[in-house]
Structure formats: C-alpha cells, structure tokens
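Trainee: Handing over run_18.cif, mmCIF, C-alpha atoms and all ligand atoms.
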data_upload
loop_
_atom_site.label_atom_id
_atom_site.label_comp_id
_atom_site.auth_asym_id
_atom_site.auth_seq_id
_atom_site.Cartn_x
_atom_site.Cartn_y
_atom_site.Cartn_z
CA MET A 1 -19.45 -2.69 -2.43
CA SER A 2 -22.18 -3.11 -5.02
CA SER A 3 -21.08 0.02 -6.90
CA ILE A 4 -17.46 -1.15 -6.78
CA SER A 5 -18.24 -4.60 -8.15
CA ALA A 6 -20.00 -2.96 -11.11
CA THR A 7 -16.97 -0.86 -12.08
CA PRO A 8 -14.38 -2.18 -14.54
CA ASP A 9 -10.98 -3.44 -13.40
CA LYS A 10 -8.35 -0.77 -13.02
CA LEU A 11 -5.38 -3.02 -12.43
CA THR A 12 -4.99 -6.55 -13.72
CA VAL A 13 -2.23 -8.97 -12.83
CA SER A 14 -2.25 -12.16 -14.92
CA ASN A 15 -0.09 -15.23 -14.39
CA LEU A 16 2.69 -13.19 -12.86
CA LYS A 17 5.94 -15.01 -12.19
CA LYS A 18 9.06 -13.35 -10.88
CA VAL A 19 12.38 -15.13 -10.48
CA PHE A 20 15.40 -13.46 -8.93
CA LYS A 21 18.61 -14.85 -10.33
CA THR A 22 21.35 -14.84 -7.75
CA GLN A 23 24.93 -16.15 -7.90
CA ASN A 24 24.06 -19.39 -6.13
CA SER A 25 20.49 -20.13 -7.13
CA ASP A 26 17.30 -18.82 -8.64
CA VAL A 27 14.73 -17.53 -6.17
CA VAL A 28 11.16 -17.87 -7.37
CA ALA A 29 9.53 -14.97 -5.53
CA LEU A 30 6.10 -15.03 -7.24
CA GLU A 31 4.32 -17.66 -9.29
CA GLY A 32 0.87 -17.76 -10.87
CA VAL A 33 -0.32 -14.51 -9.31
CA ASN A 34 -3.68 -13.32 -10.64
CA LEU A 35 -5.33 -10.25 -9.20
CA ASN A 36 -7.85 -7.67 -10.40
CA VAL A 37 -8.36 -4.40 -8.57
CA LYS A 38 -11.27 -2.06 -9.25
CA ASP A 39 -11.20 1.70 -9.44
CA GLY A 40 -11.53 3.15 -5.95
CA GLU A 41 -10.91 -0.13 -4.18
CA PHE A 42 -8.80 -0.51 -1.05
CA VAL A 43 -7.01 -3.84 -1.21
CA SER A 44 -4.61 -5.17 1.42
CA ILE A 45 -2.01 -7.86 0.90
CA ILE A 46 -0.88 -10.00 3.79
CA GLY A 47 1.50 -12.95 3.90
CA THR A 48 4.50 -14.32 5.74
CA SER A 49 7.87 -12.58 5.55
CA GLY A 50 9.62 -13.25 2.26
CA CYS A 51 6.51 -14.47 0.41
CA GLY A 52 6.82 -11.81 -2.29
CA LYS A 53 4.55 -8.93 -1.19
CA THR A 54 7.09 -6.18 -1.84
CA THR A 55 8.06 -7.85 -5.11
CA LEU A 56 4.43 -7.76 -6.22
CA LEU A 57 4.17 -4.04 -5.40
CA ARG A 58 7.49 -3.37 -7.16
CA VAL A 59 6.24 -5.10 -10.31
CA VAL A 60 3.05 -3.00 -10.26
CA ALA A 61 5.17 0.12 -9.61
CA GLY A 62 7.22 -0.73 -12.70
CA LEU A 63 10.40 -1.14 -10.67
CA GLU A 64 10.91 -4.75 -11.83
CA SER A 65 11.14 -5.35 -15.54
CA ASP A 66 12.21 -8.96 -15.85
CA PHE A 67 9.04 -10.96 -15.10
CA GLU A 68 6.64 -13.37 -16.82
CA GLY A 69 2.93 -12.71 -17.18
CA GLU A 70 1.15 -9.45 -17.69
CA VAL A 71 0.39 -6.48 -15.49
CA SER A 72 -1.84 -3.69 -16.80
CA LEU A 73 -3.20 -0.44 -15.48
CA ASN A 74 -6.14 1.11 -17.34
CA ASN A 75 -5.62 -1.57 -20.02
CA LYS A 76 -2.06 -0.37 -20.57
CA LYS A 77 0.80 -2.79 -19.97
CA ILE A 78 3.10 -1.79 -17.13
CA THR A 79 6.73 -1.87 -18.21
CA ALA A 80 8.26 1.04 -16.26
CA PRO A 81 7.47 3.45 -13.44
CA GLY A 82 4.92 6.14 -14.32
CA THR A 83 3.10 9.08 -12.80
CA ASP A 84 -0.08 6.97 -12.73
CA ARG A 85 1.42 5.06 -9.78
CA ALA A 86 3.07 6.18 -6.54
CA VAL A 87 4.72 4.10 -3.85
CA ILE A 88 4.88 4.73 -0.12
CA PHE A 89 7.39 2.71 1.85
CA GLN A 90 7.63 1.78 5.53
CA ASP A 91 10.19 4.51 6.13
CA HIS A 92 9.07 7.92 4.91
CA ARG A 93 12.17 8.53 2.74
CA LEU A 94 11.92 12.31 3.11
CA PHE A 95 15.03 14.40 2.51
CA PRO A 96 16.17 15.73 5.91
CA TRP A 97 17.60 18.90 4.37
CA PHE A 98 14.30 19.90 2.71
CA SER A 99 11.33 21.40 4.55
CA ILE A 100 8.11 19.38 4.75
CA GLU A 101 6.65 21.55 1.99
CA ASP A 102 9.68 21.13 -0.28
CA ASN A 103 9.66 17.40 0.34
CA ILE A 104 6.00 17.25 -0.70
CA SER A 105 6.67 19.14 -3.93
CA PHE A 106 9.91 17.29 -4.67
CA GLY A 107 9.60 15.28 -7.85
CA SER A 108 6.85 17.43 -9.27
CA THR A 109 7.86 18.65 -12.70
CA GLU A 110 5.04 21.17 -12.80
CA LYS A 111 6.26 24.79 -13.13
CA ASN A 112 6.03 26.90 -10.00
CA SER A 113 2.77 28.84 -10.18
CA ALA A 114 -0.04 30.00 -7.95
CA LYS A 115 -2.01 26.94 -9.08
CA LYS A 116 0.80 24.60 -8.07
CA ARG A 117 1.20 26.29 -4.66
CA GLU A 118 -2.53 25.95 -4.15
CA ARG A 119 -2.33 22.22 -4.94
CA ILE A 120 0.59 21.73 -2.53
CA GLN A 121 -1.40 23.50 0.17
CA HIS A 122 -4.39 21.27 -0.60
CA TYR A 123 -2.31 18.17 0.14
CA VAL A 124 -0.63 19.76 3.17
CA ASP A 125 -4.12 20.41 4.55
CA LEU A 126 -5.44 17.00 3.49
CA VAL A 127 -2.81 15.16 5.53
CA GLY A 128 -3.19 17.54 8.48
CA LEU A 129 0.20 19.27 8.27
CA LYS A 130 -1.03 22.86 8.11
CA GLY A 131 1.41 25.03 10.08
CA PHE A 132 4.29 22.58 9.58
CA GLU A 133 5.11 23.49 5.98
CA LYS A 134 8.45 25.15 6.81
CA VAL A 135 9.80 22.70 9.37
CA TYR A 136 12.20 19.84 8.62
CA PRO A 137 11.51 16.09 8.82
CA GLY A 138 13.75 15.83 11.90
CA GLN A 139 11.44 18.22 13.72
CA VAL A 140 8.19 16.26 13.28
CA SER A 141 6.93 12.93 14.64
CA GLY A 142 7.08 9.65 12.69
CA GLY A 143 3.36 9.84 11.94
CA MET A 144 3.68 13.40 10.63
CA ALA A 145 6.64 12.46 8.45
CA GLN A 146 4.67 9.55 7.04
CA ARG A 147 1.76 11.90 6.33
CA ALA A 148 4.15 14.16 4.40
CA ALA A 149 5.23 11.11 2.38
CA ILE A 150 1.56 10.40 1.62
CA ALA A 151 1.03 14.02 0.53
CA ARG A 152 4.10 13.82 -1.71
CA ALA A 153 2.76 10.66 -3.34
CA LEU A 154 -0.72 12.15 -3.83
CA LEU A 155 0.53 15.42 -5.35
CA GLY A 156 1.25 13.63 -8.62
CA LYS A 157 -2.43 12.49 -8.71
CA PRO A 158 -1.59 8.81 -9.15
CA ASP A 159 -4.32 6.43 -10.28
CA VAL A 160 -3.09 3.85 -7.83
CA LEU A 161 -1.30 4.36 -4.56
CA LEU A 162 0.93 1.45 -3.55
CA LEU A 163 1.73 1.27 0.15
CA ASP A 164 4.35 -1.11 1.54
CA GLU A 165 3.79 -1.41 5.29
CA PRO A 166 3.28 2.37 5.47
CA LEU A 167 2.44 2.40 9.18
CA GLY A 168 4.82 -0.36 10.27
CA ALA A 169 7.27 1.96 12.03
CA LEU A 170 4.66 3.70 14.18
CA ASP A 171 3.62 2.98 17.76
CA ALA A 172 0.24 1.27 18.27
CA LEU A 173 -1.78 4.40 19.11
CA THR A 174 -0.33 6.57 16.34
CA ARG A 175 -0.85 3.66 13.99
CA MET A 176 -4.55 3.46 14.83
CA TYR A 177 -4.89 7.21 14.35
CA MET A 178 -3.08 6.98 11.02
CA GLN A 179 -5.40 4.18 9.90
CA ASN A 180 -8.30 6.59 10.36
CA GLU A 181 -6.36 9.24 8.49
CA LEU A 182 -5.57 6.87 5.64
CA GLU A 183 -9.24 5.94 5.35
CA ARG A 184 -10.24 9.61 5.29
CA ILE A 185 -7.63 10.43 2.61
CA TRP A 186 -8.69 7.40 0.55
CA LYS A 187 -12.30 8.59 0.65
CA GLU A 188 -11.56 12.27 -0.01
CA GLU A 189 -9.21 11.54 -2.89
CA ALA A 190 -11.31 8.63 -4.20
CA SER A 191 -8.06 6.87 -4.95
CA THR A 192 -7.31 3.20 -5.47
CA MET A 193 -5.01 1.85 -2.80
CA ILE A 194 -3.06 -1.40 -2.54
CA MET A 195 -1.39 -1.82 0.82
CA VAL A 196 0.96 -4.46 2.15
CA THR A 197 0.62 -4.94 5.89
CA HIS A 198 1.54 -7.46 8.58
CA ASP A 199 -1.31 -6.23 10.74
CA ILE A 200 -4.50 -8.24 10.20
CA GLU A 201 -6.64 -5.78 12.17
CA GLU A 202 -5.34 -2.92 10.06
CA ALA A 203 -6.17 -4.86 6.90
CA ILE A 204 -9.74 -5.52 8.07
CA TYR A 205 -10.22 -1.93 9.26
CA LEU A 206 -9.20 -0.44 5.92
CA SER A 207 -9.83 -2.91 3.13
CA ASP A 208 -12.62 -3.82 0.76
CA ARG A 209 -10.72 -7.05 0.14
CA ILE A 210 -7.78 -8.79 1.81
CA VAL A 211 -5.44 -10.82 -0.35
CA ILE A 212 -3.79 -13.63 1.60
CA MET A 213 -0.60 -14.87 -0.03
CA SER A 214 0.97 -18.28 0.30
CA ASN A 215 4.54 -18.80 1.43
CA ARG A 216 7.17 -18.33 -1.24
CA PRO A 217 6.83 -18.77 -4.14
CA GLY A 218 4.09 -16.30 -3.41
CA THR A 219 0.75 -16.93 -4.98
CA ILE A 220 -2.70 -15.82 -3.95
CA LYS A 221 -4.09 -18.31 -1.49
CA ARG A 222 -7.37 -16.63 -0.74
CA ILE A 223 -9.16 -13.31 -1.03
CA VAL A 224 -11.39 -12.32 1.88
CA GLU A 225 -14.07 -9.69 1.30
CA VAL A 226 -14.76 -7.21 4.09
CA PRO A 227 -18.38 -6.11 3.61
CA LEU A 228 -18.54 -4.05 6.84
CA ALA A 229 -19.87 -0.48 6.92
CA ARG A 230 -17.30 2.28 7.54
CA PRO A 231 -15.98 3.55 9.87
CA ARG A 232 -15.49 0.07 11.22
CA ASP A 233 -15.71 -0.91 14.84
CA ARG A 234 -12.61 -2.95 15.72
CA ALA A 235 -14.38 -4.41 18.75
CA SER A 236 -17.60 -5.44 16.99
CA TYR A 237 -18.70 -9.04 16.62
CA ASP A 238 -18.68 -8.88 12.79
CA PHE A 239 -15.14 -7.49 12.79
CA THR A 240 -13.99 -10.32 15.07
CA VAL A 241 -15.61 -12.96 12.88
CA ILE A 242 -13.61 -11.73 9.87
CA LYS A 243 -10.48 -11.50 12.01
CA GLU A 244 -10.89 -15.14 13.02
CA GLU A 245 -11.34 -16.18 9.40
CA VAL A 246 -8.22 -14.33 8.22
CA LEU A 247 -6.17 -15.49 11.21
CA LYS A 248 -7.07 -19.12 10.57
CA GLU A 249 -5.91 -18.89 6.98
CA PHE A 250 -2.83 -16.87 7.85
CA ASN A 251 -1.79 -19.10 10.74
CA LEU A 252 -1.84 -22.21 8.55
CA GLU A 253 0.56 -20.48 6.20
CA ALA A 254 2.75 -19.05 8.97
CA GLN A 255 3.03 -22.46 10.65
CA SER A 256 4.19 -24.15 7.48
CA ALA A 257 6.71 -21.33 6.92
CA PHE A 258 8.02 -21.94 10.44
CA TYR A 259 8.36 -25.71 9.97
CA TYR A 260 10.02 -25.09 6.67
CA THR A 261 12.76 -22.97 8.22
CA ILE A 262 13.67 -25.16 11.25
N1 LIG A 301 16.68 -8.07 -5.47
C1 LIG A 301 16.55 -9.34 -5.06
N2 LIG A 301 17.46 -10.27 -5.37
C2 LIG A 301 17.33 -11.55 -5.00
N3 LIG A 301 16.29 -12.00 -4.27
C3 LIG A 301 15.35 -11.12 -3.91
C4 LIG A 301 15.43 -9.75 -4.27
N4 LIG A 301 14.34 -9.11 -3.78
C5 LIG A 301 13.63 -10.04 -3.13
N5 LIG A 301 14.23 -11.25 -3.20
C6 LIG A 301 13.73 -12.49 -2.64
O1 LIG A 301 12.39 -12.67 -3.08
C7 LIG A 301 11.59 -13.17 -2.03
C8 LIG A 301 10.42 -12.21 -1.79
O2 LIG A 301 10.90 -11.00 -1.27
P1 LIG A 301 9.96 -9.80 -0.86
O3 LIG A 301 10.82 -8.68 -0.44
O4 LIG A 301 9.00 -9.56 -1.95
O5 LIG A 301 9.19 -10.43 0.39
P2 LIG A 301 8.09 -9.77 1.36
O6 LIG A 301 6.88 -10.63 1.30
O7 LIG A 301 7.93 -8.34 1.03
O8 LIG A 301 8.78 -9.94 2.79
P3 LIG A 301 8.70 -9.01 4.09
O9 LIG A 301 7.35 -9.26 4.69
O10 LIG A 301 9.79 -9.53 4.97
O11 LIG A 301 8.91 -7.60 3.67
C9 LIG A 301 12.51 -13.33 -0.82
O12 LIG A 301 12.92 -14.68 -0.76
C10 LIG A 301 13.69 -12.44 -1.13
O13 LIG A 301 14.86 -12.94 -0.57
MG MG A 302 8.35 -6.56 2.07
#
If you convert what's in this file into structure tokens, what do you get?
Mentor:
Amino acid sequence: MSSISATPDKLTVSNLKKVFKTQNSDVVALEGVNLNVKDGEFVSIIGTSGCGKTTLLRVVAGLESDFEGEVSLNNKKITAPGTDRAVIFQDHRLFPWFSIEDNISFGSTEKNSAKKRERIQHYVDLVGLKGFEKVYPGQVSGGMAQRAAIARALLGKPDVLLLDEPLGALDALTRMYMQNELERIWKEEASTMIMVTHDIEEAIYLSDRIVIMSNRPGTIKRIVEVPLARPRDRASYDFTVIKEEVLKEFNLEAQSAFYYTI
C-alpha cells in the first residue's frame, strides 16, 4: 500500500453529476462524485441497486457524454471510449459463432502477424484457456467464457480495466476460483482495475480500497481501505473485522433504500 499511495493518480473523477432525461422526469443518477484511483490499484464499488454504479463505470468508459464535472485518465479528459480503457460486463458478450481465440482477438485492429498471434496466445495462457482456443463459447463453462472476455479486454493493453459485476453470473465455488484468477491476472498484468460488485466478501478479497456509494443520487459515502496482505484469508479475524465495518455502512444504506421504496 505504501508504494501505491506514493504513486500519482491515474484516474480522477471530480464533481461528477449525471442526469438522465426521460419523458416523464429527470433521473439524477450521480451527484458530487469525487474519486481518485492510483496506477495499479484495485478498487471496488459497492452500493444498492440503482445507485449509479454502472453509470459511473460508463462515464469512465466514455460511453456517456452528457455529464457535469470532469473525468480524466492520465491527465487527459475522458470524452469518448478509447483503447486506454476496457469494460467487462456481467455477461461475457462473446460472439457464439466465433471461436474462443477469434473472440479474444475480435476488435483488435493490429495486423495479423506472428507477434500478434504470440500476444493472443499470451492472453489465452494468462486466463488459463490453453487447449480451448478453437472451441466455441457454447462449448465452455460460464467461468471459462468470462475468462475469454477478460483476455479479450486485456489484449488491447488498457490502462484501466472496468469490471461491472464480472463474476455475478457464476456459482459460488466458480466465483471464488475466479476471484483468485482475477487477483493473479491483476498482479501479472500490473493493471489498474475498478470493479462493481454486490458481493462484499469479493470486494474485501480483491480490493485495495472499497468505495461505498449512497442510494441514488449516487455519491461516495465512504471509502474503506483494505490493508490486508495477499492472498487474503476469507476466514481470518482481520478479514471479518473489515467485513463487519463494510456491512454496517452498507446495511444503513440498504435499509433506507428499502424504506424509500415501500
Ligand atoms: N439510459 C438510461 N436512461 C434513463 N435512466 C437511466 C439510464 N441508465 C440508468 N438510468 C437510471 O439511473 C440510475 C442508476 O442506474 P445504474 O444502472 O447506474 O445503477 P446500478 O447502481 O448499476 O444498479 P444495479 O446494481 O441494479 O446494476 C437508475 O435509477 C436507473 O434507472
Ligand atoms: Mg449496474
């Protein structure tokens, strides 16, 4: 953590406000969001459903243009999607008619060459899909398909990987395994990751910091640091202490969301 806190900010979000204008009313999705993320950091975002987590990722991805405030990556204002960012969604969004390998290389504008094939193989190996290059998404498990989506995102060498509930569709055991895999990939690629999750344990297991958002309009309620050595022990006392702290904060927000909707 000490080396991370000494590095400059990679991503800065300042006074972000996002309003969706609909036929009937304006929906204020985000308001007064301020967040700085350092190079190489793993940051998780948690919050109740509809609080604006996906919207925040979409703004950083450059998929939303009409917002107030400023969002910068490497001191450059974000106004559109770019190869410096990649997004991974809850569903893998692979093309069923392309092989795993072709899905991974899809979107790459690099000319076909031995160097490119070597890079594709590097990412196939990195996500543990060696031997499955020629099969189709329908012939692999959900975890394997999600790993292919991760490889596809990493192939473009993004500065920041944005993950929106990437493991949400997996069963509990595969999910735990994939958390280990995600941590390994994060370390090996030394990438910066920002992940939305509904799973508090997952956030503690993987993150340097956990951003807890308020109910909509989403703003940052609290940021919890996770100064535990890796790999983390989910059953350890220190892990549980942080879990209690995050749960307390999160439950307060979830309860008020519930009262608000009844
Ligand atoms: N394209 C859109 N048009 C209008 N309103 C939208 C649009 N996208 C999102 N919203 C609204 O903005 C708010 C935040 O949505 P968002 O998808 O960011 O929530 P979320 O925190 O990701 O929720 P979940 O945990 O359920 O995925 C919600 O009230 C949603 O209805
Ligand atoms: Mg969402």
Trainee: Between A:Ala190, A:Ile46, A:Leu252, A:Ile100, single out the one closest to Gln146 (chain A), counting all atoms listed in the file.
Mentor: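 For Gln146 (chain A), the nearest of the candidates is A:Ile100.
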Trainee: Can you tell me how far atom P2 of ligand LIG 301 (chain A) sits from CA of Tyr177 (chain A), in Å to one decimal?
Mentor: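 Calculated distance between atom P2 of ligand LIG 301 (chain A) and CA of Tyr177 (chain A) is 25.0 Å.
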Trainee: Please report the interatomic distance between CA of Lys21 (chain A) and CA of Gln255 (chain A) in Å with one decimal.
Mentor: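 It comes out at 27.2 Å.
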Trainee: Between CA of Leu56 (chain A) and CA of Asp171 (chain A), what is the spacing in Å?
Mentor: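 CA of Leu56 (chain A) lies at a distance of 26.3 Å from CA of Asp171 (chain A).
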Trainee: Write out as a PyMOL selection string each polymer residue (protein, DNA or RNA) that has an atom no more than 12 Å from ligand LIG 301 (chain A), with only C-alpha atoms and all ligand atoms counted.
Mentor: chain A and resi 17-31+45-59+63-66+89-90+163-166+168+195-199+212-219+254+257
